[in-house]
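Visitor: Data file entry-v7.pdb (PDB, C-alpha atoms) is appended below.
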```pdb
ATOM      1  CA  MET A   1      71.154 -33.516  87.089  1.00  0.00           C
ATOM      2  CA  THR A   2      68.308 -35.191  85.426  1.00  0.00           C
ATOM      3  CA  ALA A   3      67.940 -38.563  87.131  1.00  0.00           C
ATOM      4  CA  ALA A   4      65.475 -38.970  89.995  1.00  0.00           C
ATOM      5  CA  GLU A   5      66.576 -36.627  92.734  1.00  0.00           C
ATOM      6  CA  PRO A   6      67.456 -38.265  96.066  1.00  0.00           C
ATOM      7  CA  ALA A   7      66.239 -36.818  99.335  1.00  0.00           C
ATOM      8  CA  PRO A   8      68.110 -33.675 100.400  1.00  0.00           C
ATOM      9  CA  ALA A   9      70.885 -34.593 102.827  1.00  0.00           C
ATOM     10  CA  PHE A  10      73.732 -32.282 103.746  1.00  0.00           C
ATOM     11  CA  ASP A  11      77.037 -34.153 103.560  1.00  0.00           C
ATOM     12  CA  ASP A  12      80.148 -32.788 105.278  1.00  0.00           C
ATOM     13  CA  VAL A  13      82.452 -35.106 103.354  1.00  0.00           C
ATOM     14  CA  ILE A  14      81.295 -33.609 100.054  1.00  0.00           C
ATOM     15  CA  HIS A  15      80.821 -30.007 101.194  1.00  0.00           C
ATOM     16  CA  ALA A  16      84.531 -29.081 101.302  1.00  0.00           C
ATOM     17  CA  PRO A  17      84.963 -26.848  98.201  1.00  0.00           C
ATOM     18  CA  LEU A  18      87.539 -28.969  96.364  1.00  0.00           C
ATOM     19  CA  ARG A  19      85.608 -32.173  97.027  1.00  0.00           C
ATOM     20  CA  LEU A  20      82.340 -30.534  95.977  1.00  0.00           C
ATOM     21  CA  ARG A  21      83.941 -29.448  92.677  1.00  0.00           C
ATOM     22  CA  THR A  22      85.381 -32.921  92.206  1.00  0.00           C
ATOM     23  CA  CYS A  23      82.002 -34.564  92.811  1.00  0.00           C
ATOM     24  CA  ALA A  24      80.187 -32.067  90.543  1.00  0.00           C
ATOM     25  CA  PHE A  25      82.656 -32.824  87.764  1.00  0.00           C
ATOM     26  CA  LEU A  26      82.477 -36.590  88.261  1.00  0.00           C
ATOM     27  CA  ASP A  27      78.664 -36.489  88.409  1.00  0.00           C
ATOM     28  CA  ALA A  28      78.694 -34.940  84.926  1.00  0.00           C
ATOM     29  CA  VAL A  29      80.712 -37.808  83.457  1.00  0.00           C
ATOM     30  CA  THR A  30      80.902 -41.578  83.681  1.00  0.00           C
ATOM     31  CA  SER A  31      84.595 -41.466  84.554  1.00  0.00           C
ATOM     32  CA  ALA A  32      87.466 -39.015  84.296  1.00  0.00           C
ATOM     33  CA  GLU A  33      91.224 -39.251  84.241  1.00  0.00           C
ATOM     34  CA  PHE A  34      93.000 -38.060  87.380  1.00  0.00           C
ATOM     35  CA  GLY A  35      94.713 -35.353  85.303  1.00  0.00           C
ATOM     36  CA  ALA A  36      91.350 -33.959  84.187  1.00  0.00           C
ATOM     37  CA  VAL A  37      90.282 -33.616  87.829  1.00  0.00           C
ATOM     38  CA  ARG A  38      93.606 -31.932  88.647  1.00  0.00           C
ATOM     39  CA  ASP A  39      93.154 -29.496  85.726  1.00  0.00           C
ATOM     40  CA  LEU A  40      89.661 -28.668  86.950  1.00  0.00           C
ATOM     41  CA  LEU A  41      90.782 -27.994  90.503  1.00  0.00           C
ATOM     42  CA  GLY A  42      93.968 -26.194  89.460  1.00  0.00           C
ATOM     43  CA  VAL A  43      95.947 -27.606  92.386  1.00  0.00           C
ATOM     44  CA  ALA A  44      98.897 -29.973  92.806  1.00  0.00           C
ATOM     45  CA  ASP A  45      98.562 -33.729  92.336  1.00  0.00           C
ATOM     46  CA  SER A  46      99.170 -34.278  96.051  1.00  0.00           C
ATOM     47  CA  VAL A  47      96.222 -32.050  96.971  1.00  0.00           C
ATOM     48  CA  VAL A  48      93.948 -33.838  94.513  1.00  0.00           C
ATOM     49  CA  SER A  49      95.114 -37.197  95.870  1.00  0.00           C
ATOM     50  CA  LYS A  50      94.360 -36.126  99.423  1.00  0.00           C
ATOM     51  CA  HIS A  51      90.793 -35.096  98.608  1.00  0.00           C
ATOM     52  CA  VAL A  52      90.143 -38.068  96.334  1.00  0.00           C
ATOM     53  CA  LYS A  53      91.332 -40.358  99.135  1.00  0.00           C
ATOM     54  CA  VAL A  54      88.770 -38.842 101.503  1.00  0.00           C
ATOM     55  CA  LEU A  55      86.064 -39.567  98.909  1.00  0.00           C
ATOM     56  CA  VAL A  56      87.402 -43.096  98.340  1.00  0.00           C
ATOM     57  CA  ASP A  57      87.451 -43.762 102.091  1.00  0.00           C
ATOM     58  CA  ALA A  58      83.819 -42.586 102.295  1.00  0.00           C
ATOM     59  CA  GLY A  59      82.900 -45.058  99.548  1.00  0.00           C
ATOM     60  CA  TYR A  60      81.919 -42.213  97.204  1.00  0.00           C
ATOM     61  CA  VAL A  61      84.631 -42.630  94.592  1.00  0.00           C
ATOM     62  CA  GLU A  62      86.488 -45.539  93.043  1.00  0.00           C
ATOM     63  CA  LEU A  63      89.811 -45.546  91.224  1.00  0.00           C
ATOM     64  CA  GLU A  64      90.707 -47.582  88.141  1.00  0.00           C
ATOM     65  CA  LYS A  65      94.284 -48.163  87.069  1.00  0.00           C
ATOM     66  CA  PRO A  66      94.134 -49.856  83.677  1.00  0.00           C
ATOM     67  CA  THR A  67      97.048 -52.191  83.107  1.00  0.00           C
ATOM     68  CA  GLY A  68      99.076 -51.994  79.929  1.00  0.00           C
ATOM     69  CA  ARG A  69     102.204 -50.603  78.401  1.00  0.00           C
ATOM     70  CA  GLY A  70     103.347 -47.045  78.944  1.00  0.00           C
ATOM     71  CA  ARG A  71     102.340 -44.567  81.604  1.00  0.00           C
ATOM     72  CA  VAL A  72      99.509 -45.781  83.777  1.00  0.00           C
ATOM     73  CA  ARG A  73      96.677 -43.245  83.898  1.00  0.00           C
ATOM     74  CA  THR A  74      94.428 -43.389  86.920  1.00  0.00           C
ATOM     75  CA  TRP A  75      90.714 -43.001  86.251  1.00  0.00           C
ATOM     76  CA  VAL A  76      88.191 -41.845  88.804  1.00  0.00           C
ATOM     77  CA  HIS A  77      84.443 -42.353  88.968  1.00  0.00           C
ATOM     78  CA  LEU A  78      81.641 -41.810  91.455  1.00  0.00           C
ATOM     79  CA  THR A  79      80.132 -44.923  93.014  1.00  0.00           C
ATOM     80  CA  PRO A  80      76.315 -45.161  93.046  1.00  0.00           C
ATOM     81  CA  ALA A  81      76.445 -44.215  96.749  1.00  0.00           C
ATOM     82  CA  GLY A  82      78.686 -41.257  95.912  1.00  0.00           C
ATOM     83  CA  ARG A  83      76.382 -40.067  93.149  1.00  0.00           C
ATOM     84  CA  ALA A  84      73.351 -40.324  95.446  1.00  0.00           C
ATOM     85  CA  ALA A  85      75.176 -38.535  98.291  1.00  0.00           C
ATOM     86  CA  TYR A  86      76.356 -35.759  95.950  1.00  0.00           C
ATOM     87  CA  ARG A  87      72.900 -35.220  94.495  1.00  0.00           C
ATOM     88  CA  GLY A  88      71.335 -35.299  97.958  1.00  0.00           C
ATOM     89  CA  HIS A  89      73.864 -32.710  99.079  1.00  0.00           C
ATOM     90  CA  VAL A  90      73.112 -30.413  96.125  1.00  0.00           C
ATOM     91  CA  ALA A  91      69.390 -30.815  96.793  1.00  0.00           C
ATOM     92  CA  ALA A  92      70.024 -29.806 100.423  1.00  0.00           C
ATOM     93  CA  LEU A  93      71.984 -26.730  99.295  1.00  0.00           C
ATOM     94  CA  ARG A  94      69.171 -25.745  96.950  1.00  0.00           C
ATOM     95  CA  GLY A  95      66.651 -26.217  99.736  1.00  0.00           C
ATOM     96  CA  ILE A  96      68.663 -24.020 102.093  1.00  0.00           C
ATOM     97  CA  THR A  97      69.155 -21.221  99.557  1.00  0.00           C
ATOM     98  CA  ALA A  98      65.487 -21.380  98.538  1.00  0.00           C
ATOM     99  CA  ALA A  99      64.459 -21.085 102.192  1.00  0.00           C
ATOM    100  CA  ILE A 100      66.785 -18.105 102.677  1.00  0.00           C
ATOM    101  CA  ASP A 101      65.459 -16.434  99.506  1.00  0.00           C
ATOM    102  CA  ALA A 102      61.875 -16.973 100.697  1.00  0.00           C
ATOM    103  CA  ASP A 103      62.582 -15.170 104.005  1.00  0.00           C
TER
ATOM    104  CA  MET B  27      75.824 -37.185 106.120  1.00  0.00           C
ATOM    105  CA  SER B  28      75.867 -34.858 109.068  1.00  0.00           C
ATOM    106  CA  ASP B  29      73.644 -32.556 111.050  1.00  0.00           C
ATOM    107  CA  ALA B  30      76.626 -30.349 111.892  1.00  0.00           C
ATOM    108  CA  PRO B  31      75.987 -26.650 111.428  1.00  0.00           C
ATOM    109  CA  HIS B  32      77.626 -24.979 108.486  1.00  0.00           C
ATOM    110  CA  ASP B  33      78.014 -21.524 107.021  1.00  0.00           C
ATOM    111  CA  LEU B  34      74.717 -20.782 105.289  1.00  0.00           C
ATOM    112  CA  GLY B  35      76.259 -17.795 103.542  1.00  0.00           C
ATOM    113  CA  HIS B  36      78.440 -20.126 101.527  1.00  0.00           C
ATOM    114  CA  ASP B  37      75.610 -22.218 100.096  1.00  0.00           C
ATOM    115  CA  ASP B  38      75.043 -19.915  97.116  1.00  0.00           C
ATOM    116  CA  GLU B  39      78.763 -20.020  96.486  1.00  0.00           C
ATOM    117  CA  SER B  40      78.706 -23.824  96.686  1.00  0.00           C
ATOM    118  CA  LEU B  41      75.940 -24.022  94.085  1.00  0.00           C
ATOM    119  CA  ALA B  42      77.932 -21.689  91.841  1.00  0.00           C
ATOM    120  CA  THR B  43      80.891 -24.048  92.293  1.00  0.00           C
ATOM    121  CA  VAL B  44      78.723 -26.959  91.166  1.00  0.00           C
ATOM    122  CA  ALA B  45      77.570 -25.071  88.063  1.00  0.00           C
ATOM    123  CA  ALA B  46      81.150 -24.056  87.222  1.00  0.00           C
ATOM    124  CA  ALA B  47      82.390 -27.657  87.494  1.00  0.00           C
ATOM    125  CA  ARG B  48      79.638 -28.857  85.152  1.00  0.00           C
ATOM    126  CA  ARG B  49      80.488 -26.083  82.666  1.00  0.00           C
ATOM    127  CA  ALA B  50      84.137 -27.149  82.862  1.00  0.00           C
ATOM    128  CA  ALA B  51      83.090 -30.693  81.955  1.00  0.00           C
ATOM    129  CA  ALA B  52      81.111 -29.329  78.976  1.00  0.00           C
ATOM    130  CA  ASP B  53      84.086 -27.238  77.829  1.00  0.00           C
ATOM    131  CA  ARG B  54      86.352 -30.271  77.964  1.00  0.00           C
ATOM    132  CA  LEU B  55      83.912 -32.423  76.002  1.00  0.00           C
ATOM    133  CA  VAL B  56      85.177 -31.658  72.547  1.00  0.00           C
ATOM    134  CA  THR B  57      84.507 -34.693  70.389  1.00  0.00           C
ATOM    135  CA  PRO B  58      87.108 -35.018  67.596  1.00  0.00           C
ATOM    136  CA  TRP B  59      85.538 -34.126  64.221  1.00  0.00           C
ATOM    137  CA  TRP B  60      86.254 -37.612  62.882  1.00  0.00           C
ATOM    138  CA  TYR B  61      84.657 -39.510  65.778  1.00  0.00           C
ATOM    139  CA  HIS B  62      81.086 -39.733  64.491  1.00  0.00           C
ATOM    140  CA  PRO B  63      81.995 -40.159  60.783  1.00  0.00           C
ATOM    141  CA  VAL B  64      84.221 -43.136  61.706  1.00  0.00           C
ATOM    142  CA  LEU B  65      81.456 -44.563  63.890  1.00  0.00           C
ATOM    143  CA  GLY B  66      79.019 -44.093  60.990  1.00  0.00           C
ATOM    144  CA  VAL B  67      81.357 -45.913  58.590  1.00  0.00           C
ATOM    145  CA  LEU B  68      81.710 -48.777  61.086  1.00  0.00           C
ATOM    146  CA  PHE B  69      77.919 -49.085  61.308  1.00  0.00           C
ATOM    147  CA  GLY B  70      77.590 -48.941  57.515  1.00  0.00           C
ATOM    148  CA  LEU B  71      80.233 -51.635  56.928  1.00  0.00           C
ATOM    149  CA  TYR B  72      78.632 -53.776  59.623  1.00  0.00           C
ATOM    150  CA  ALA B  73      75.277 -53.568  57.800  1.00  0.00           C
ATOM    151  CA  VAL B  74      76.869 -54.425  54.427  1.00  0.00           C
ATOM    152  CA  ALA B  75      78.753 -57.376  55.946  1.00  0.00           C
ATOM    153  CA  LEU B  76      75.579 -58.775  57.496  1.00  0.00           C
ATOM    154  CA  ALA B  77      73.649 -58.254  54.260  1.00  0.00           C
ATOM    155  CA  SER B  78      76.303 -60.073  52.211  1.00  0.00           C
ATOM    156  CA  GLY B  79      75.174 -63.439  53.570  1.00  0.00           C
ATOM    157  CA  GLU B  80      78.762 -64.694  53.361  1.00  0.00           C
ATOM    158  CA  PRO B  81      79.525 -66.310  56.759  1.00  0.00           C
ATOM    159  CA  TRP B  82      83.213 -65.279  56.780  1.00  0.00           C
ATOM    160  CA  LEU B  83      82.331 -61.695  55.816  1.00  0.00           C
ATOM    161  CA  MET B  84      79.609 -61.520  58.457  1.00  0.00           C
ATOM    162  CA  VAL B  85      82.039 -62.690  61.143  1.00  0.00           C
ATOM    163  CA  ALA B  86      84.706 -60.279  59.873  1.00  0.00           C
ATOM    164  CA  GLY B  87      82.140 -57.454  59.891  1.00  0.00           C
ATOM    165  CA  ILE B  88      81.189 -58.137  63.499  1.00  0.00           C
ATOM    166  CA  VAL B  89      84.844 -58.343  64.597  1.00  0.00           C
ATOM    167  CA  VAL B  90      85.800 -55.132  62.752  1.00  0.00           C
ATOM    168  CA  PHE B  91      82.739 -53.328  64.138  1.00  0.00           C
ATOM    169  CA  PHE B  92      83.411 -54.144  67.790  1.00  0.00           C
ATOM    170  CA  ALA B  93      87.183 -53.686  67.486  1.00  0.00           C
ATOM    171  CA  GLY B  94      86.627 -50.337  65.767  1.00  0.00           C
ATOM    172  CA  VAL B  95      84.154 -49.127  68.385  1.00  0.00           C
ATOM    173  CA  GLY B  96      86.594 -50.209  71.113  1.00  0.00           C
ATOM    174  CA  LEU B  97      89.387 -48.260  69.434  1.00  0.00           C
ATOM    175  CA  LEU B  98      87.160 -45.191  69.071  1.00  0.00           C
ATOM    176  CA  VAL B  99      86.239 -45.263  72.762  1.00  0.00           C
ATOM    177  CA  TRP B 100      89.926 -45.697  73.706  1.00  0.00           C
ATOM    178  CA  SER B 101      90.907 -42.734  71.503  1.00  0.00           C
ATOM    179  CA  TYR B 102      88.136 -40.536  72.893  1.00  0.00           C
ATOM    180  CA  ARG B 103      89.114 -41.301  76.493  1.00  0.00           C
ATOM    181  CA  ARG B 104      92.778 -40.648  75.743  1.00  0.00           C
ATOM    182  CA  LEU B 105      92.112 -37.343  73.972  1.00  0.00           C
ATOM    183  CA  THR B 106      89.569 -35.851  76.375  1.00  0.00           C
ATOM    184  CA  GLY B 107      90.543 -37.528  79.661  1.00  0.00           C
ATOM    185  CA  MET B 108      86.848 -38.219  80.185  1.00  0.00           C
ATOM    186  CA  TRP B 109      84.213 -40.733  79.275  1.00  0.00           C
ATOM    187  CA  ILE B 110      80.461 -40.327  79.280  1.00  0.00           C
ATOM    188  CA  SER B 111      78.381 -43.388  78.585  1.00  0.00           C
ATOM    189  CA  GLY B 112      75.592 -42.660  76.115  1.00  0.00           C
ATOM    190  CA  TYR B 113      73.287 -44.479  78.469  1.00  0.00           C
ATOM    191  CA  GLN B 114      74.032 -42.285  81.471  1.00  0.00           C
ATOM    192  CA  PRO B 115      70.584 -40.895  82.384  1.00  0.00           C
ATOM    193  CA  GLY B 116      69.922 -37.389  81.101  1.00  0.00           C
ATOM    194  CA  PRO B 117      68.294 -35.470  78.256  1.00  0.00           C
ATOM    195  CA  ALA B 118      71.089 -36.500  75.855  1.00  0.00           C
ATOM    196  CA  SER B 119      70.664 -40.237  76.399  1.00  0.00           C
ATOM    197  CA  ARG B 120      67.576 -40.355  74.151  1.00  0.00           C
ATOM    198  CA  TRP B 121      69.865 -39.418  71.231  1.00  0.00           C
ATOM    199  CA  ALA B 122      72.242 -42.250  72.109  1.00  0.00           C
ATOM    200  CA  GLN B 123      69.259 -44.591  72.230  1.00  0.00           C
ATOM    201  CA  LEU B 124      68.038 -43.247  68.891  1.00  0.00           C
ATOM    202  CA  MET B 125      71.490 -43.912  67.425  1.00  0.00           C
ATOM    203  CA  GLY B 126      71.202 -47.519  68.598  1.00  0.00           C
ATOM    204  CA  VAL B 127      67.746 -47.803  67.022  1.00  0.00           C
ATOM    205  CA  VAL B 128      69.001 -46.290  63.735  1.00  0.00           C
ATOM    206  CA  GLY B 129      71.922 -48.741  63.728  1.00  0.00           C
ATOM    207  CA  ALA B 130      69.771 -51.771  64.498  1.00  0.00           C
ATOM    208  CA  LEU B 131      66.971 -50.897  62.048  1.00  0.00           C
ATOM    209  CA  GLY B 132      69.413 -49.915  59.290  1.00  0.00           C
ATOM    210  CA  SER B 133      71.337 -53.184  59.620  1.00  0.00           C
ATOM    211  CA  LEU B 134      68.118 -55.198  59.764  1.00  0.00           C
ATOM    212  CA  ALA B 135      66.685 -53.440  56.698  1.00  0.00           C
ATOM    213  CA  ALA B 136      69.890 -54.057  54.720  1.00  0.00           C
ATOM    214  CA  MET B 137      69.916 -57.715  55.753  1.00  0.00           C
ATOM    215  CA  LEU B 138      66.247 -58.377  54.967  1.00  0.00           C
ATOM    216  CA  LEU B 139      66.419 -56.593  51.614  1.00  0.00           C
ATOM    217  CA  ALA B 140      69.529 -58.504  50.544  1.00  0.00           C
ATOM    218  CA  TRP B 141      68.311 -61.878  51.760  1.00  0.00           C
ATOM    219  CA  TYR B 142      64.652 -61.855  50.807  1.00  0.00           C
ATOM    220  CA  THR B 143      64.351 -59.609  47.732  1.00  0.00           C
ATOM    221  CA  ASP B 144      66.015 -59.387  44.340  1.00  0.00           C
ATOM    222  CA  VAL B 145      67.107 -55.801  44.860  1.00  0.00           C
ATOM    223  CA  ALA B 146      70.520 -54.945  43.380  1.00  0.00           C
ATOM    224  CA  PHE B 147      73.274 -55.014  46.019  1.00  0.00           C
ATOM    225  CA  GLY B 148      74.056 -51.399  45.170  1.00  0.00           C
ATOM    226  CA  TRP B 149      70.944 -50.457  47.148  1.00  0.00           C
ATOM    227  CA  ILE B 150      72.477 -52.067  50.232  1.00  0.00           C
ATOM    228  CA  TRP B 151      75.333 -49.597  49.947  1.00  0.00           C
ATOM    229  CA  VAL B 152      72.771 -46.790  49.729  1.00  0.00           C
ATOM    230  CA  ILE B 153      71.148 -48.026  52.960  1.00  0.00           C
ATOM    231  CA  ALA B 154      74.591 -48.304  54.579  1.00  0.00           C
ATOM    232  CA  ALA B 155      75.368 -44.707  53.585  1.00  0.00           C
ATOM    233  CA  ALA B 156      72.021 -43.520  54.983  1.00  0.00           C
ATOM    234  CA  LEU B 157      72.736 -45.475  58.171  1.00  0.00           C
ATOM    235  CA  ALA B 158      76.175 -43.845  58.474  1.00  0.00           C
ATOM    236  CA  LEU B 159      74.618 -40.407  57.971  1.00  0.00           C
ATOM    237  CA  GLY B 160      71.971 -41.166  60.612  1.00  0.00           C
ATOM    238  CA  VAL B 161      74.705 -42.133  63.094  1.00  0.00           C
ATOM    239  CA  VAL B 162      76.599 -38.894  62.419  1.00  0.00           C
ATOM    240  CA  VAL B 163      73.463 -36.755  62.832  1.00  0.00           C
ATOM    241  CA  THR B 164      72.264 -38.459  66.042  1.00  0.00           C
ATOM    242  CA  GLY B 165      75.807 -38.532  67.456  1.00  0.00           C
ATOM    243  CA  ARG B 166      76.362 -34.821  66.922  1.00  0.00           C
ATOM    244  CA  GLN B 167      72.928 -34.032  68.313  1.00  0.00           C
ATOM    245  CA  TYR B 168      73.825 -36.129  71.381  1.00  0.00           C
ATOM    246  CA  ASP B 169      76.936 -33.993  71.882  1.00  0.00           C
ATOM    247  CA  ARG B 170      74.994 -30.748  71.495  1.00  0.00           C
ATOM    248  CA  VAL B 171      72.292 -31.727  73.985  1.00  0.00           C
ATOM    249  CA  LEU B 172      74.838 -33.105  76.453  1.00  0.00           C
ATOM    250  CA  ARG B 173      76.871 -29.896  76.454  1.00  0.00           C
ATOM    251  CA  ALA B 174      73.749 -27.743  76.783  1.00  0.00           C
ATOM    252  CA  ASP B 175      72.596 -29.877  79.716  1.00  0.00           C
ATOM    253  CA  LEU B 176      75.964 -29.579  81.482  1.00  0.00           C
ATOM    254  CA  ARG B 177      75.955 -25.815  80.960  1.00  0.00           C
ATOM    255  CA  GLY B 178      72.482 -25.588  82.499  1.00  0.00           C
ATOM    256  CA  GLU B 179      70.969 -24.308  79.262  1.00  0.00           C
ATOM    257  CA  LEU B 180      68.129 -26.850  79.106  1.00  0.00           C
TER
END
```
Once more with this new file: its structure as structure tokens, please.
Guide:
Amino acid sequence: MTAAEPAPAFDDVIHAPLRLRTCAFLDAVTSAEFGAVRDLLGVADSVVSKHVKVLVDAGYVELEKPTGRGRVRTWVHLTPAGRAAYRGHVAALRGITAAIDAD
Amino acid sequence: MSDAPHDLGHDDESLATVAAARRAAADRLVTPWWYHPVLGVLFGLYAVALASGEPWLMVAGIVVFFAGVGLLVWSYRRLTGMWISGYQPGPASRWAQLMGVVGALGSLAAMLLAWYTDVAFGWIWVIAAALALGVVVTGRQYDRVLRADLRGEL
């Protein structure tokens, strides 16, 4: 993460391990195909869909389904709010671990 | 956002998860060997077309350039299942910006030389080749820095 860091803010929606991995992956890219997210998580499509839906419902992720011939590939990207929430969450995690290390 | 308590012991693990996901993105970012050479050729042809001064060739050059770049982006997305905009903030973006500067200055230099001097047109091809090389070098450097950034090596 190299953009201006948002204020640390722990986010329960993002903290679930599979959603955290999804957000970390999507933060690294501009957009990714659904299959790439599934490969990263190593779980079934239905499980990915479930977690992506939670992120979509929170306004953190948007889906794109380009129209055209052949198989439709769904693309996923973080919204600006999702990117800010993810980075705030990571900043909160770093703050917590730094505080624990300092004790 | 929530103030709900959570398991502090898992925070280190969560940060390791974040790092692993970013490394996975870096591992998946394998740009096809031909991507930057083709982009360089498109830039070079664009510069030659503009320098020609022939209206139909200039229009054709612009159309081929943008259609070619569109096709390259489509191919990249299809092959890797990912897309990273060169202008996404980060240490690598300066190389994408430099590629844009190289492309713009190279095209402008070719155009000005062809239009306002008596230089042989062969020199325009030399500038186009240098422009193509510059695009390949900056593009590959962009990839290197981007992967290093994602792997936490910067």
Visitor: Within 6 Å of chain A, which residues belong to chain B? Use only C-alpha atoms and report them as a PyMOL selection string.
Guide: chain B and resi 27-28+37+44+47-48+107-111+115-116
Visitor: Report as a PyMOL selection string the residues that result from applying the PyMOL selection byres ((chain B and resi 135) around 12) to the structure here.
Guide: chain B and resi 70+73-74+76-77+127-134+136-143+149-154+156-157
Visitor: Next, write the just-selected residues to a file, as a short mmCIF file (atom, residue, chain, number, x, y, z; two decimals), keeping the file's coordinate frame, keeping C-alpha atoms as the atom set.
Guide:
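Resulting contents of part-v2.cif:
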```
data_model
loop_
_atom_site.label_atom_id
_atom_site.label_comp_id
_atom_site.auth_asym_id
_atom_site.auth_seq_id
_atom_site.Cartn_x
_atom_site.Cartn_y
_atom_site.Cartn_z
CA GLY B 70 77.59 -48.94 57.52
CA ALA B 73 75.28 -53.57 57.80
CA VAL B 74 76.87 -54.42 54.43
CA LEU B 76 75.58 -58.78 57.50
CA ALA B 77 73.65 -58.25 54.26
CA VAL B 127 67.75 -47.80 67.02
CA VAL B 128 69.00 -46.29 63.74
CA GLY B 129 71.92 -48.74 63.73
CA ALA B 130 69.77 -51.77 64.50
CA LEU B 131 66.97 -50.90 62.05
CA GLY B 132 69.41 -49.92 59.29
CA SER B 133 71.34 -53.18 59.62
CA LEU B 134 68.12 -55.20 59.76
CA ALA B 136 69.89 -54.06 54.72
CA MET B 137 69.92 -57.72 55.75
CA LEU B 138 66.25 -58.38 54.97
CA LEU B 139 66.42 -56.59 51.61
CA ALA B 140 69.53 -58.50 50.54
CA TRP B 141 68.31 -61.88 51.76
CA TYR B 142 64.65 -61.86 50.81
CA THR B 143 64.35 -59.61 47.73
CA TRP B 149 70.94 -50.46 47.15
CA ILE B 150 72.48 -52.07 50.23
CA TRP B 151 75.33 -49.60 49.95
CA VAL B 152 72.77 -46.79 49.73
CA ILE B 153 71.15 -48.03 52.96
CA ALA B 154 74.59 -48.30 54.58
CA ALA B 156 72.02 -43.52 54.98
CA LEU B 157 72.74 -45.48 58.17
#
```
Visitor: Would you pick out the contacts of Ala58 in chain A at 12 Å or less, using all atoms listed in the file, so that residues sharing its chain but fewer than 2 positions from it are not included, and give the list as a PyMOL selection string?
Guide: (chain A and resi 11-14+19+51-56+60-62+78-79+81-82+85-86) or (chain B and resi 27)
Visitor: Would you put the residues from that selection into a file with C-alpha atoms, as an mmCIF file, keeping the file's coordinate frame?
Guide:
```
data_model
loop_
_atom_site.group_PDB
_atom_site.id
_atom_site.type_symbol
_atom_site.label_atom_id
_atom_site.label_comp_id
_atom_site.auth_asym_id
_atom_site.auth_seq_id
_atom_site.Cartn_x
_atom_site.Cartn_y
_atom_site.Cartn_z
ATOM 1 C CA ASP A 11 77.037 -34.153 103.560
ATOM 2 C CA ASP A 12 80.148 -32.788 105.278
ATOM 3 C CA VAL A 13 82.452 -35.106 103.354
ATOM 4 C CA ILE A 14 81.295 -33.609 100.054
ATOM 5 C CA ARG A 19 85.608 -32.173 97.027
ATOM 6 C CA HIS A 51 90.793 -35.096 98.608
ATOM 7 C CA VAL A 52 90.143 -38.068 96.334
ATOM 8 C CA LYS A 53 91.332 -40.358 99.135
ATOM 9 C CA VAL A 54 88.770 -38.842 101.503
ATOM 10 C CA LEU A 55 86.064 -39.567 98.909
ATOM 11 C CA VAL A 56 87.402 -43.096 98.340
ATOM 12 C CA TYR A 60 81.919 -42.213 97.204
ATOM 13 C CA VAL A 61 84.631 -42.630 94.592
ATOM 14 C CA GLU A 62 86.488 -45.539 93.043
ATOM 15 C CA LEU A 78 81.641 -41.810 91.455
ATOM 16 C CA THR A 79 80.132 -44.923 93.014
ATOM 17 C CA ALA A 81 76.445 -44.215 96.749
ATOM 18 C CA GLY A 82 78.686 -41.257 95.912
ATOM 19 C CA ALA A 85 75.176 -38.535 98.291
ATOM 20 C CA TYR A 86 76.356 -35.759 95.950
ATOM 21 C CA MET B 27 75.824 -37.185 106.120
#
```
Visitor: Identify the residues within 10 Å of coordinate (69.3, -38.8, 65.0) (same frame as the file), considering only C-alpha atoms, and give the answer as an NGL selection string.
Guide: :B and (120-128 or 159-168)
Visitor: Enclose range 58-76 of chain B, meaning all of its atoms listed in the file, in a box aligned along x, y and z, pad it by 4 Å on each side, and list the centre and edge lengths in Å to one decimal, as AutoDock Vina command-line options.
Guide:
```
--center_x 81.2 --center_y -46.5 --center_z 61.0 --size_x 19.8 --size_y 32.6 --size_z 21.2
```
Visitor: Can you pull out every residue within 7 Å of Val171 in chain B, counting only C-alpha atoms, but drop anything in the same chain fewer than 4 positions away, and send it as a list in words?
Guide: Pro117, Ala118, Gln167 and Asp175 of chain B
Visitor: In Å, with one decimal, what is the gap from CA of Ala45 in chain B to CA of Leu172 in chain B?
Guide: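 Distance between the two atoms: 14.4 Å.
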Visitor: For Trp60 in chain B, please output as an MDAnalysis selection string all residues within 12 Å (counting all atoms listed in the file; exclusion window: fewer than 2 positions along the same chain).
Guide: chainID B and resid 56:58 62:67 98 101:102 162 165:166
Visitor: In Å, how far is it from CA of Arg71 in chain A to CA of Val89 in chain B?
Guide: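 Between these atoms lies a distance of 28.0 Å.
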Visitor: Kindly give the distance, in Å, that separates CA of Gly94 in chain B and CA of Ala174 in chain B, rounded to a single decimal.
Guide: 28.2 Å
Visitor: Using all atoms listed in the file, can you tell me which of B:Ser119, B:His36, B:Ala75, B:Val145 comes closest to Arg170 in chain B?
Guide: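 Closest candidate: B:Ser119.
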